[in-house]
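Taking it in order: structure first as structure tokens, then the write-up.
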Amino acid sequence: QSQPNKPADYVYFDRSSANFSEDAQARAKAAQVKLEHFYKVAVDAAVERNGRRVELERKLQSDTLIPEERKQRQLQQHGKKESTFLRLRRTKLGLDDFRTVKVIGKGAFGEVRLVQKVDTGKIYAMKLLKKDEMLKKDQLAHVRAERDVLAESDSPWVVQLFYSFQDSSFLYLIMEFLPGGDLMTMLIKYDTFSEDVTRFYMAECVLAIEAVHKLGFIHRDIKPDNILIDKDGHVKLSDFGLSTGFHKKHDSSYYQRLLETAQSGTSATPQQSSRNSVMVNSINLTMTSKDQIATWKANRRKLAYSTVGTPDYIAPEIFMQKGYGNECDWWSLGAIMFECLVGYPPFCSESTHETYQKIMQWQYHLVFPEDVHLSREGEDLIRRLITSSDKRLGVEQLKKHPFFYGVDWETIRRIDAPFVPHLRSITDTSYFPTDELDQGTEQPPAESGGAGAKDLAFLGYTFKRF
Amino acid sequence: QAQVAPVQKPLYLCSPFVEAALVKGNFKTIVMLPKYVDIMEWVAVNIFDFYNHLNEFYGVISECCTQQSCKTMSAGTNLSYTWINQDRKSVHLPASTYIDYVMTWIQNLLDDENSFPTRSGQDFPPSFPSTVKHMYRQLLRVFAHIYHAHFNQLLHLRSEPHFNSLFAHFLAFGREYELLEVKDIKGVPTAPVGIGALWEKWKGMGLLEA
Ligand SMILES: Nc1ncnc2c1ncn2[C@@H]1O[C@H](COP(=O)(O)OP(=O)(O)OP(=O)(O)O)[C@@H](O)[C@H]1O
């Protein structure tokens, strides 16, 4: 059997898994995948840890004003922090470590609860995501990478993630709790905002979106439900990297299919298609009627809870298969601004499908109602956001737009917010629609153990930060 | 085992299996103590990982490691490890029982807040260095048994690159932090540990530090 270029001890081995149970084969695969993942992460972690240290050393070295002894202390402190991080990796957090105070929100793939960590008494928001729902909807792509970077971010504009863990049915994300609720709830309560109030929220959103873009992300799904309010009334964007990738509503092929069914529903003769477009227009007209807006508003929350979600704020280019850049987030901001001032988003319709079609033909459907007065600057800004992506304003132009005249971009997060939540305790949930939410919370499964394919798909999901 | 003609050399020492590796290159980058980091914290988390991965792989072949197939904790042609029982007597145990004892013991230690503290502010006990040495030695024995008695099965399941890398990493780490004695790796001349030869071979290949 020996071949010229093979070593003398070269052995041919007939591999066959026939004598192994299916369980053993699955375990073998799982062990391999886990180890591969482990080494990838281990190498990355070593590189990053090194980077953090070098960065600090360089910073200290270049600063001649800090006394040597304090530099040493800082390095020691750095080592302590890194050590704590290592320790956290051995720490097993589970559902048992948190006590549910209340269900405060519902998302497409699970719910959000106000929880208290049992040992420290600290308050967090815990988001539960149902694994099988996410798998069913095939929403696993790019989740991890996004999550990692966001987790690294210390931006005041992004909700902080502290831990994540999982069991066989759910992913659990432990985030900072923002007691002020979200912009959707606020809009449901107040209907519209004055231009001054709108200016504040829009300006903060501009900075928040800019921060996200600087981290290298496109949010793709900015909407009032994702704009959360902290204890001082300032804005933070919700943990999009954790969920965005999951959502069916971002799946362009989903909309493509919608589009196709819609098109096949109408026949192809030119007359009919022109008649069809007239029909669309007529729907548009009735849309602005008070009744329909009321229906839309009544359903707003339900829509937020559904897996399909609302496309109301999504830019048209996202639905097309051609790719898009971070300009799409500025479109969303335009749609939210419209809603803040007018009371409903510009393309709202009775069905998501209709909304979708209106967005695709936004030129015909962006209509400012007669009975709402908008300043010229306000309307102009909206029109420069809800426009084709090549004409849309970028962040620098946005900041200079006359609508934002007088905004101090450097200090806005430190000034008083227009609505500051009145909180009676650290677990006050009065800014959340807790009555509307089913408080009979999702039950975690009895642990089955073993590595199912389902778990492997979420490998690396467990995250801890210090 | 029948399909292989009488080879003197165990398969894990033969080409191409001895070279099979998931991780290429030197383990230094992931073994070295990160600057300013507490060495105990570093050793603790690494043992934690080694244990978990080894456990996974043992789970893979556990259906082949039965009271019948492995009556003792064999690790070389002339070598079976003994367990010290409650009466401080050395006894032979079936490998599955031995490994079960080892893994349970280690799991308990890892879960014990006094031995492996996880709460902040809680220090490692003074006994930590000797505890981890004990753990490490027992983990080595589990590796040794799997290589000696179950390498075929790893081959059938195409797991040898993974298992090799895990073990090479384990050896590199153990040597760096003096958790392993040469005599543990190689055994005594009359009863050598099978993997002692693997260690030598990998050193010769430049995979591990000489
Ligand atoms: N960190 C938090 N603090 C307080 N409330 C939160 C927090 N995260 C989410 N919520 C509440 O829960 C609701 C649902 O959360 P979220 O919007 O993140 O879920 P989702 O709909 O599944 O995800 P997506 O935002 O991607 O649609 C939010 O609108 C908000 O009211």
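Identifiers in the structure tokens: chain A, B, ... in order shown; residue index from 1 per chain; ligand index from 1 in order shown.
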
Selection: 7 Å around region 7-12 of chain B, only C-alpha atoms, excl. self and same-chain fewer than 3 positions, as a PDB file with N, CA, C and O atoms, in the first residue's frame:
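See part01.pdb below for the written result:
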ATOM      1  N   PHE B  17      -2.650  10.700  10.847  1.00  0.00           N
ATOM      2  CA  PHE B  17      -3.452  11.112  12.013  1.00  0.00           C
ATOM      3  C   PHE B  17      -2.658  11.927  13.020  1.00  0.00           C
ATOM      4  O   PHE B  17      -3.191  12.814  13.676  1.00  0.00           O
ATOM      5  N   VAL B  18      -1.400  11.629  13.109  1.00  0.00           N
ATOM      6  CA  VAL B  18      -0.599  12.337  14.104  1.00  0.00           C
ATOM      7  C   VAL B  18      -0.453  13.813  13.748  1.00  0.00           C
ATOM      8  O   VAL B  18      -0.296  14.671  14.605  1.00  0.00           O
ATOM      9  N   PHE B 151      -9.126   5.706  20.124  1.00  0.00           N
ATOM     10  CA  PHE B 151      -8.726   6.570  19.017  1.00  0.00           C
ATOM     11  C   PHE B 151      -9.400   6.156  17.709  1.00  0.00           C
ATOM     12  O   PHE B 151      -9.790   6.991  16.900  1.00  0.00           O
TER      13      PHE B 151
END

query = Hey, which residues come within 6 Å of ligand 1 if we count only C-alpha atoms and all ligand atoms? Could you give them as a ChimeraX atom specification?
reply = /A:105-109,112,125,175-179,181-182,225-226,238,240,243-244

request  = Would you give me, as a VMD selection string, the residues of chain B that come within 8 Å of chain A, using only C-alpha atoms?
outcome  = chain B and resid 3 to 4 11 14 to 16 22 to 23 29 to 30 34 to 38 41 to 42 45 48 53 56 to 57 59 to 61 63 118 120 155 to 159 162

inquiry  = Would you pick out the contacts of Pro129 (chain B) at 10 Å or less, using only C-alpha atoms, so that residues sharing its chain but fewer than 5 positions from it are not included, and give the list as a list in words?
reply    =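 After dropping sequence-adjacent residues, the list is Met40, Val43, Ala44, Phe124, His134, Tyr177, Glu178 and Leu179 of chain B.
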
task = From a DSSP calculation on the backbone, collect every residue of region 45-182 of chain B in strand (DSSP E or B) and output the set as a PyMOL selection string.
result = chain B and resi 73-76+79-81+83-84+90-91

Could those selected residues go to a file with N, CA and C atoms, as a compact mmCIF listing (two decimals), in the first residue's frame?
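Contents of the output file result.txt:
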# COMPACT_ATOMS: atom_id res chain seq x y z
N MET B 73 -8.86 1.26 33.61
CA MET B 73 -8.55 2.59 33.09
C MET B 73 -7.20 2.51 32.37
N SER B 74 -7.23 1.86 31.22
CA SER B 74 -5.98 1.62 30.51
C SER B 74 -5.48 2.87 29.79
N ALA B 75 -4.15 2.98 29.70
CA ALA B 75 -3.57 4.15 29.05
C ALA B 75 -2.27 3.78 28.34
N GLY B 76 -1.97 2.49 28.25
CA GLY B 76 -0.77 2.00 27.59
C GLY B 76 -0.83 0.48 27.64
N LEU B 79 -0.22 -0.44 31.10
CA LEU B 79 -0.58 0.56 32.11
C LEU B 79 -2.08 0.72 32.28
N SER B 80 -2.52 0.55 33.52
CA SER B 80 -3.90 0.93 33.88
C SER B 80 -3.83 1.73 35.16
N TYR B 81 -4.47 2.86 35.13
CA TYR B 81 -4.46 3.70 36.33
C TYR B 81 -5.36 3.08 37.40
N TRP B 83 -7.47 3.78 41.10
CA TRP B 83 -8.19 4.81 41.84
C TRP B 83 -7.96 4.57 43.32
N ILE B 84 -7.76 5.63 44.07
CA ILE B 84 -7.60 5.45 45.51
C ILE B 84 -9.00 5.53 46.14
N SER B 90 -5.50 1.34 46.53
CA SER B 90 -5.52 1.47 45.08
C SER B 90 -6.38 0.36 44.50
N VAL B 91 -7.38 0.74 43.73
CA VAL B 91 -8.23 -0.29 43.13
C VAL B 91 -8.36 -0.04 41.64

inquiry  = Set the distance at 12 Å and use only C-alpha atoms: which residues neighbour Thr97 (chain B) once local chain neighbours fewer than 2 positions away are removed? I'd like the list as a list in words.
reply    = Ser62, Cys65, Thr66, Gln67, Gln68, Cys70, Lys71, Thr72, Met73, Thr82, Trp83, Val91, His92, Leu93, Pro94, Ala95, Ile99, Asp100, Tyr101, Val102, Met103, Thr104 and Val142 of chain B

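Proximity to Met202 (chain A) was assessed for A:Phe419, A:Tyr364, A:Phe338, A:Tyr431 counting only C-alpha atoms; the smallest distance is recorded for A:Phe338.
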
task = Give me the residues within 12 Å of Asn114 (chain B) as a PyMOL selection string, counting only C-alpha atoms and dropping any in the same chain fewer than 4 places off.
result = chain B and resi 108-110+118-119+122-128+131

request  = Go ahead and compute the interatomic distance for CA of Gly174 (chain B) and CA of Gly194 (chain B), in Å to one decimal.
outcome  =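 It comes out at 17.6 Å.
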
Find the spatial neighbours of Thr387 (chain A), counting only C-alpha atoms, within a cut-off of 10 Å - ignore same-chain residues fewer than 5 positions away - and output them as a PDB file with N, CA and C atoms, in the first residue's frame.
ATOM      1  N   ALA A 315     -37.241  52.116   4.607  1.00  0.00           N
ATOM      2  CA  ALA A 315     -36.953  52.816   3.351  1.00  0.00           C
ATOM      3  C   ALA A 315     -37.200  51.902   2.159  1.00  0.00           C
ATOM      4  N   PRO A 316     -37.617  52.497   1.032  1.00  0.00           N
ATOM      5  CA  PRO A 316     -37.961  51.669  -0.136  1.00  0.00           C
ATOM      6  C   PRO A 316     -36.788  50.839  -0.639  1.00  0.00           C
ATOM      7  N   TRP A 330     -31.983  57.263   7.722  1.00  0.00           N
ATOM      8  CA  TRP A 330     -32.469  58.654   7.734  1.00  0.00           C
ATOM      9  C   TRP A 330     -33.875  58.735   7.168  1.00  0.00           C
ATOM     10  N   TRP A 331     -34.181  57.856   6.270  1.00  0.00           N
ATOM     11  CA  TRP A 331     -35.576  57.767   5.792  1.00  0.00           C
ATOM     12  C   TRP A 331     -36.489  57.456   6.977  1.00  0.00           C
ATOM     13  N   GLY A 334     -37.195  60.299   9.019  1.00  0.00           N
ATOM     14  CA  GLY A 334     -38.173  61.173   8.373  1.00  0.00           C
ATOM     15  C   GLY A 334     -39.599  60.706   8.638  1.00  0.00           C
ATOM     16  N   TRP A 362     -43.546  56.225  -3.067  1.00  0.00           N
ATOM     17  CA  TRP A 362     -43.647  57.311  -2.088  1.00  0.00           C
ATOM     18  C   TRP A 362     -43.914  58.663  -2.741  1.00  0.00           C
ATOM     19  N   GLN A 363     -43.442  58.845  -3.972  1.00  0.00           N
ATOM     20  CA  GLN A 363     -43.639  60.129  -4.643  1.00  0.00           C
ATOM     21  C   GLN A 363     -45.113  60.517  -4.676  1.00  0.00           C
ATOM     22  N   LEU A 366     -46.621  60.539  -0.369  1.00  0.00           N
ATOM     23  CA  LEU A 366     -46.195  61.404   0.740  1.00  0.00           C
ATOM     24  C   LEU A 366     -47.051  62.668   0.689  1.00  0.00           C
ATOM     25  N   ILE A 382     -38.546  66.862   6.449  1.00  0.00           N
ATOM     26  CA  ILE A 382     -39.177  65.568   6.165  1.00  0.00           C
ATOM     27  C   ILE A 382     -39.009  65.211   4.695  1.00  0.00           C
ATOM     28  N   ARG A 392     -31.150  62.069  -0.401  1.00  0.00           N
ATOM     29  CA  ARG A 392     -31.394  62.192   1.042  1.00  0.00           C
ATOM     30  C   ARG A 392     -30.240  62.904   1.748  1.00  0.00           C
ATOM     31  N   LEU A 393     -30.580  63.681   2.762  1.00  0.00           N
ATOM     32  CA  LEU A 393     -29.535  64.380   3.505  1.00  0.00           C
ATOM     33  C   LEU A 393     -28.676  63.399   4.300  1.00  0.00           C
TER      34      LEU A 393
END

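Ranking B:Gly196, B:Pro117, B:Pro189, B:Pro161 by their shortest atom-to-atom distance to Arg141 (chain B), with only C-alpha atoms included, puts B:Gly196 first.
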